[in-house]
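Below you'll find the structure, written out as structure tokens, and then a few comments.
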Amino acid sequence: MLKLSKRLQLIADYVTAGSRVADIGSDHAMLPVYLLQSGKSPSAIAGELNRGPYEAAKKQGADAGLSAQLTVRQGDGLNVLQIGEADTVTIAGMGGSLMSDILEAGHALNKLEGVKELVLQPNVGEEIVREWLLKHDWFLAGETIIEEDGKIYEIMHAVRSADVALRNDDLYDGSFLKLELPSETLFKILKQMGPHLLRNPEPALFKKWRHELNKLGRICQQLSESELAESTIKRDQFQLEMNRIEEVLQCLPTVKPLSN
Ligand code: SAM
């Protein structure tokens, strides 16, 4: 059986056993091949926009003797899917903006009809993906943050839910942070940093946002060297953003309580 990276394994772990999976932007089709080999999925579709990865995915499926169960299709995003063909859609390893464009285009063509869960791993722009999920009434049931080979990844698991509005209201209620901030600011923070990740902060979360603070600090420093009024406005905005991130990090528990 294929040995997956920690990142891909966590994505695979979120997939509900028995689900027919469509992996969009599959590249070498490592994830669907693993899901088939492990018996977690009875069938899978690997979608690829580009010729090279599409060929690589076909080869991976054939080498694993899985050509009957793994359908490899070349095309843009969810266009490769027929309505009702998949229970789970996974999209990993691309930016959040591209990912939400793919989801939006697929949604407009009803390609997500019948899909019960999404497992998403944006490399950047996680906030855009959370916003897309909220806008389209998906419930973010779980999130994980990990570090692998010096990179930090966030993985999101979204499901359909009858009482999605209520559940999302609860999930994105930032009062647990105990910060004296307007509710819209808390909502924004939760979308940016992850509502589950903030409730159960892992070392990788602190590392990611410390890194982000350093980056913003360097940008502020550069902006301070400019005499343009615009640069001063931008610097002040970044400074506010930094203060807010710092405030959030300060209020989070750094040591997890021991469970009984
Ligand atoms: N999903 C794999 C992973 O997480 O390891 C591969 C990630 S790879 C960095 C991103 C893949 O997405 C590339 O193979 C690229 O060709 C594909 N891709 C980019 N835009 C796409 C689109 N609109 N539709 C389908 N595939 C796309």
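Naming works like this for the structure tokens: A, B, ... for the chains as they're shown, residue 1 at the start of each chain, ligands 1 onward in shown order.
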
Exercise. DSSP on the backbone: what in range 59-184 of chain A comes out strand (DSSP E), as a VMD selection string?
Worked result: chain A and resid 70 to 74 88 to 94 117 to 122 139 to 148 151 to 159

For this session: Identify, with DSSP run on backbone atoms, the residues in range 65-215 of chain A assigned to alpha helix (DSSP H), and express the list as a ChimeraX atom specification.
Result: /A:96-108,126-135,164-171,183-193,195-199,203-215

Problem set entry | Residue among A:Lys111, A:Ser38, A:Asn123, A:Ser19 lying closest to ligand 1, counting only C-alpha atoms and all ligand atoms |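 Closest candidate: A:Asn123.
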
Around ligand 1, which protein and nucleic acid residues have at least one atom no more than 9 Å from it, if we count only C-alpha atoms and all ligand atoms? List them as a PDB file with C-alpha atoms, in the first residue's frame.
```pdb
ATOM      1  CA  SER A   5       2.818  12.003   3.657  1.00  0.00           C
ATOM      2  CA  ARG A   7      -0.563  15.827   5.253  1.00  0.00           C
ATOM      3  CA  LEU A   8      -2.192  13.459   2.751  1.00  0.00           C
ATOM      4  CA  ILE A  11      -6.804  14.221   4.500  1.00  0.00           C
ATOM      5  CA  ASP A  23      -9.944  14.072  -5.830  1.00  0.00           C
ATOM      6  CA  ILE A  24      -9.673  17.303  -7.791  1.00  0.00           C
ATOM      7  CA  GLY A  25      -6.185  18.494  -8.695  1.00  0.00           C
ATOM      8  CA  SER A  26      -4.994  14.994  -7.936  1.00  0.00           C
ATOM      9  CA  ASP A  27      -1.518  15.228  -9.493  1.00  0.00           C
ATOM     10  CA  HIS A  28      -0.051  11.715  -9.018  1.00  0.00           C
ATOM     11  CA  ALA A  29      -3.358  10.421  -7.611  1.00  0.00           C
ATOM     12  CA  MET A  30      -1.619   9.354  -4.408  1.00  0.00           C
ATOM     13  CA  LEU A  31      -4.686  10.066  -2.287  1.00  0.00           C
ATOM     14  CA  GLY A  47      -9.415  15.016 -11.809  1.00  0.00           C
ATOM     15  CA  GLU A  48      -6.490  16.917 -13.309  1.00  0.00           C
ATOM     16  CA  LEU A  49      -6.330  20.062 -15.356  1.00  0.00           C
ATOM     17  CA  ASN A  50      -2.856  19.522 -16.751  1.00  0.00           C
ATOM     18  CA  ARG A  51      -1.598  16.873 -19.122  1.00  0.00           C
ATOM     19  CA  GLY A  52       1.549  15.859 -17.190  1.00  0.00           C
ATOM     20  CA  PRO A  53      -0.157  15.198 -13.841  1.00  0.00           C
ATOM     21  CA  TYR A  54      -3.112  13.594 -15.654  1.00  0.00           C
ATOM     22  CA  GLN A  74      -8.568  15.580 -17.518  1.00  0.00           C
ATOM     23  CA  GLY A  75     -10.489  18.812 -17.012  1.00  0.00           C
ATOM     24  CA  ASP A  76     -11.006  21.969 -15.030  1.00  0.00           C
ATOM     25  CA  GLY A  77     -12.087  21.524 -11.415  1.00  0.00           C
ATOM     26  CA  LEU A  78     -15.412  19.828 -10.801  1.00  0.00           C
ATOM     27  CA  ASN A  79     -16.248  19.812 -14.531  1.00  0.00           C
ATOM     28  CA  VAL A  80     -14.837  16.287 -14.630  1.00  0.00           C
ATOM     29  CA  THR A  90     -11.158  16.288  -1.803  1.00  0.00           C
ATOM     30  CA  ILE A  91      -9.123  19.263  -3.024  1.00  0.00           C
ATOM     31  CA  ALA A  92      -5.623  19.737  -1.674  1.00  0.00           C
ATOM     32  CA  GLY A  93      -2.378  21.511  -2.302  1.00  0.00           C
ATOM     33  CA  MET A  94      -3.546  24.671  -4.043  1.00  0.00           C
ATOM     34  CA  GLY A  95      -4.340  28.214  -2.938  1.00  0.00           C
ATOM     35  CA  LEU A  98      -8.315  28.870  -6.682  1.00  0.00           C
ATOM     36  CA  MET A  99      -9.990  26.274  -4.469  1.00  0.00           C
ATOM     37  CA  ASP A 101     -13.196  29.348  -7.548  1.00  0.00           C
ATOM     38  CA  ILE A 102     -13.320  25.617  -8.318  1.00  0.00           C
ATOM     39  CA  GLN A 121      -6.367  21.639   2.243  1.00  0.00           C
ATOM     40  CA  PRO A 122      -5.590  25.112   0.947  1.00  0.00           C
ATOM     41  CA  ASN A 123      -1.894  26.020   0.977  1.00  0.00           C
TER      42      ASN A 123
END
```

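For the pair CA of Ala64 in chain A and CA of Asp149 in chain A, the separation is 26.7 Å.
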
Exercise. Nearest to Val248 in chain A among A:Leu190, A:Ala22, A:Val33, A:Ile233, with distances taken over only C-alpha atoms: which residue is it?
Worked result: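 When distances to Val248 in chain A are compared using only C-alpha atoms, the smallest one comes from A:Leu190.
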
For this session: Would you mind telling me which residue in A:Leu109, A:Val115, A:Ala204, A:Ala229 lies nearest to Lys151 in chain A when using only C-alpha atoms?
Result: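 Answer, going by the shortest atom-to-atom distance: A:Ala204.
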
For this session: Please identify all polymer residues within 10 Å of Ile219 in chain A, counting only C-alpha atoms, omitting same-chain residues fewer than 3 positions from it, and present them as a list in words.
Result: Leu213, Asn214, Lys215, Leu216, Gln222, Leu223, Ser224, Lys234, Arg235, Phe238 and Gln239 of chain A

For this session: Please provide as a PyMOL selection string all residues within 7 Å of Ser41 in chain A, with the sequence filter that same-chain residues fewer than 6 positions apart are discarded (counting only C-alpha atoms).
Result: chain A and resi 17-21+35

For this session: Compile the contact shell of range 180-183 of chain A as a ChimeraX atom specification: residues with an atom at most 12 Å away, counting only C-alpha atoms, same-chain residues fewer than 4 positions apart removed.
Result: /A:169,172-176,187-190,244,247-248,251

Exercise. What does the distance from CA of His196 in chain A to CA of Leu171 in chain A come to in Å, to one decimal?
Worked result: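 Spanning CA of His196 in chain A to CA of Leu171 in chain A is a straight-line distance of 7.8 Å.
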